[in-house]
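Student: Provided herewith is a single structure, encoded as structure tokens, for subsequent inquiry.
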Amino acid sequence: MKKRDWIRALSRIAFVIYMIVLVYFLLLSDGFGRTVQRDEYQFNLIPFVEIMRFVTYREYLGFYNVMINLVGNVVAFIPFGALIRWVINRSVRWYHVMGYTFLFSLSVELLQLIAKVGAFDVDDLILNTFGGLLGFFVYCILRWFDRILDICKDKRRNKDA
């Protein structure tokens with residue numbers, strides 16, 4: 001089995017595990033109040049309102065809550081952006097990753113709204129999509145380093161031959 005095939009297989013396995021863990025935390029986790037059923041729908045459709053609220057009232061809300069809401073929404077989607085290329089098995093550009101991440105995040109937010117767990121928040125869409133893009137750029141940087149290392153190995157082999 002070639003190196004590329006191993007990477008693809010491991011990436012797909014990692015993606016499945018990642019998706020299971022992510023769906024658990026976003027829809028089912030007790031720690032984030034996901035099992036509390038609300039009577040009414042909760043949503044925010046105005047961009048940057050919740051982000052600014054968390055920044056403005058960071059001392060009152062506490063470091064943990066601010067980090068979970070702002071940084072957590074970005075970090076949670078970094079693996080999605082990094083692994084999506086291997087899952088769909090074709091070359092993707094940054095705007096593809098942005099679209100896939102946005103659509104997946106929108107699906108999760110709509111599920112939260114319909115199930116009345118958590119809240120539909122346009123700011124989460126923004127932060128999650130940014131996280132997916134960040135993951136894609138990390139993937140691109142790692143791929144670039146891998147290619148540089150391959151070139152160096154080839155030069156060393158040619159020099160030794």
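By convention here, the chains of the structure tokens are called A, B, ... in the order presented, each chain's residues are numbered starting at 1, and ligands are numbered starting at 1 in the order presented.
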If you run DSSP on the backbone, which residues of stretch 73-104 of chain A are alpha helix (DSSP H), as a VMD selection string?
Tutor: chain A and resid 73 to 75 78 to 88 94 to 104
Student: Export N, CA and C atoms of the chosen residues as an mmCIF file, in the first residue's frame?
Tutor:
data_model
loop_
_atom_site.group_PDB
_atom_site.id
_atom_site.type_symbol
_atom_site.label_atom_id
_atom_site.label_comp_id
_atom_site.auth_asym_id
_atom_site.auth_seq_id
_atom_site.Cartn_x
_atom_site.Cartn_y
_atom_site.Cartn_z
ATOM 1 N N ASN A 73 -15.254 27.263 19.308
ATOM 2 C CA ASN A 73 -15.955 27.153 18.033
ATOM 3 C C ASN A 73 -14.991 27.160 16.847
ATOM 4 N N VAL A 74 -13.867 27.833 16.989
ATOM 5 C CA VAL A 74 -12.855 27.829 15.922
ATOM 6 C C VAL A 74 -12.090 26.510 15.941
ATOM 7 N N VAL A 75 -11.559 26.150 17.107
ATOM 8 C CA VAL A 75 -10.720 24.953 17.238
ATOM 9 C C VAL A 75 -11.494 23.676 16.891
ATOM 10 N N ILE A 78 -11.269 23.001 13.107
ATOM 11 C CA ILE A 78 -9.964 22.900 12.431
ATOM 12 C C ILE A 78 -9.766 21.511 11.819
ATOM 13 N N PRO A 79 -10.062 20.422 12.538
ATOM 14 C CA PRO A 79 -9.896 19.100 11.912
ATOM 15 C C PRO A 79 -10.791 18.908 10.682
ATOM 16 N N PHE A 80 -11.977 19.477 10.689
ATOM 17 C CA PHE A 80 -12.873 19.370 9.540
ATOM 18 C C PHE A 80 -12.190 19.938 8.298
ATOM 19 N N GLY A 81 -11.640 21.128 8.410
ATOM 20 C CA GLY A 81 -10.963 21.756 7.276
ATOM 21 C C GLY A 81 -9.696 21.034 6.855
ATOM 22 N N ALA A 82 -9.004 20.436 7.830
ATOM 23 C CA ALA A 82 -7.762 19.734 7.519
ATOM 24 C C ALA A 82 -8.013 18.379 6.870
ATOM 25 N N LEU A 83 -9.102 17.716 7.211
ATOM 26 C CA LEU A 83 -9.335 16.347 6.745
ATOM 27 C C LEU A 83 -10.294 16.236 5.559
ATOM 28 N N ILE A 84 -11.038 17.275 5.256
ATOM 29 C CA ILE A 84 -12.093 17.173 4.242
ATOM 30 C C ILE A 84 -11.542 16.781 2.872
ATOM 31 N N ARG A 85 -10.350 17.213 2.542
ATOM 32 C CA ARG A 85 -9.759 16.892 1.245
ATOM 33 C C ARG A 85 -9.601 15.385 1.075
ATOM 34 N N TRP A 86 -9.201 14.703 2.139
ATOM 35 C CA TRP A 86 -8.989 13.266 2.057
ATOM 36 C C TRP A 86 -10.302 12.498 2.044
ATOM 37 N N VAL A 87 -11.322 13.063 2.671
ATOM 38 C CA VAL A 87 -12.610 12.389 2.748
ATOM 39 C C VAL A 87 -13.324 12.410 1.408
ATOM 40 N N ILE A 88 -13.303 13.548 0.724
ATOM 41 C CA ILE A 88 -14.001 13.626 -0.553
ATOM 42 C C ILE A 88 -13.149 13.130 -1.711
ATOM 43 N N TRP A 94 -9.641 26.583 -1.121
ATOM 44 C CA TRP A 94 -10.080 27.182 0.136
ATOM 45 C C TRP A 94 -11.571 27.503 0.118
ATOM 46 N N TYR A 95 -12.096 27.937 -1.022
ATOM 47 C CA TYR A 95 -13.509 28.297 -1.086
ATOM 48 C C TYR A 95 -14.415 27.056 -1.035
ATOM 49 N N HIS A 96 -13.906 25.909 -1.488
ATOM 50 C CA HIS A 96 -14.660 24.662 -1.312
ATOM 51 C C HIS A 96 -14.760 24.317 0.175
ATOM 52 N N VAL A 97 -13.614 24.397 0.849
ATOM 53 C CA VAL A 97 -13.576 24.093 2.279
ATOM 54 C C VAL A 97 -14.480 25.061 3.036
ATOM 55 N N MET A 98 -14.463 26.323 2.660
ATOM 56 C CA MET A 98 -15.324 27.302 3.302
ATOM 57 C C MET A 98 -16.795 26.910 3.121
ATOM 58 N N GLY A 99 -17.162 26.501 1.918
ATOM 59 C CA GLY A 99 -18.536 26.089 1.645
ATOM 60 C C GLY A 99 -18.929 24.835 2.396
ATOM 61 N N TYR A 100 -18.067 23.803 2.381
ATOM 62 C CA TYR A 100 -18.361 22.562 3.099
ATOM 63 C C TYR A 100 -18.487 22.811 4.606
ATOM 64 N N THR A 101 -17.563 23.596 5.145
ATOM 65 C CA THR A 101 -17.595 23.876 6.578
ATOM 66 C C THR A 101 -18.845 24.668 6.936
ATOM 67 N N PHE A 102 -19.162 25.669 6.137
ATOM 68 C CA PHE A 102 -20.355 26.472 6.394
ATOM 69 C C PHE A 102 -21.612 25.602 6.358
ATOM 70 N N LEU A 103 -21.727 24.749 5.340
ATOM 71 C CA LEU A 103 -22.919 23.901 5.224
ATOM 72 C C LEU A 103 -23.032 22.903 6.378
ATOM 73 N N PHE A 104 -21.907 22.317 6.778
ATOM 74 C CA PHE A 104 -21.946 21.397 7.909
ATOM 75 C C PHE A 104 -22.316 22.135 9.195
#
Student: Tell me, which residues of stretch 1-148 of chain A carry DSSP strand (DSSP E or B), written as a PyMOL selection string?
Tutor: chain A and resi 43-44+120-121
Student: Go ahead and dump the residues you just picked, N, CA and C atoms, as a JSON list (two decimals), in the first residue's frame.
Tutor:
[["chain", "number", "residue", "atom", "x", "y", "z"],
["A", 43, "PHE", "N", -32.28, 31.82, 19.21],
["A", 43, "PHE", "CA", -31.46, 32.08, 18.03],
["A", 43, "PHE", "C", -30.93, 33.50, 18.03],
["A", 44, "ASN", "N", -29.84, 33.69, 17.30],
["A", 44, "ASN", "CA", -29.25, 35.00, 17.06],
["A", 44, "ASN", "C", -28.96, 35.07, 15.57],
["A", 120, "PHE", "N", -29.40, 28.51, 17.86],
["A", 120, "PHE", "CA", -28.93, 28.81, 16.51],
["A", 120, "PHE", "C", -28.25, 30.17, 16.58],
["A", 121, "ASP", "N", -26.97, 30.23, 16.24],
["A", 121, "ASP", "CA", -26.21, 31.48, 16.36],
["A", 121, "ASP", "C", -25.39, 31.69, 15.10]]
Student: Can you work out the spacing between atom CA of A:Trp6 and atom CA of A:Phe145 in Å, to one decimal?
Tutor: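 Here the two named atoms are 18.3 Å from each other.
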Student: For A:Val108, work out the shell of residues within 8 Å, counting only C-alpha atoms and skipping chain neighbours fewer than 4 positions away, then give it as a ChimeraX atom specification.
Tutor: /A:23,26-27,104,112
Student: Please identify every residue of stretch 29-142 of chain A that has at least one atom no farther than 12 Å from an atom of stretch 147-150 of chain A, counting only C-alpha atoms, and for each give the shortest atom pair and the distance in Å to one decimal, arranged by chain then increasing number, as JSON lines.
Tutor:
{"residue": "A:Cys140", "atom": "CA", "partner": "A:Arg147", "partner_atom": "CA", "distance": 10.5}
{"residue": "A:Ile141", "atom": "CA", "partner": "A:Arg147", "partner_atom": "CA", "distance": 9.9}
{"residue": "A:Leu142", "atom": "CA", "partner": "A:Arg147", "partner_atom": "CA", "distance": 8.7}
Student: May I ask for the distance between atom CA of A:Ser11 and atom CA of A:Ala76, given in Å to one decimal place?
Tutor: 16.4 Å
Student: Could you state the separation of atom CA of A:Met19 and atom CA of A:Tyr139 in Å, given to one decimal place?
Tutor: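 About the pair atom CA of A:Met19 and atom CA of A:Tyr139: they are 17.8 Å apart.
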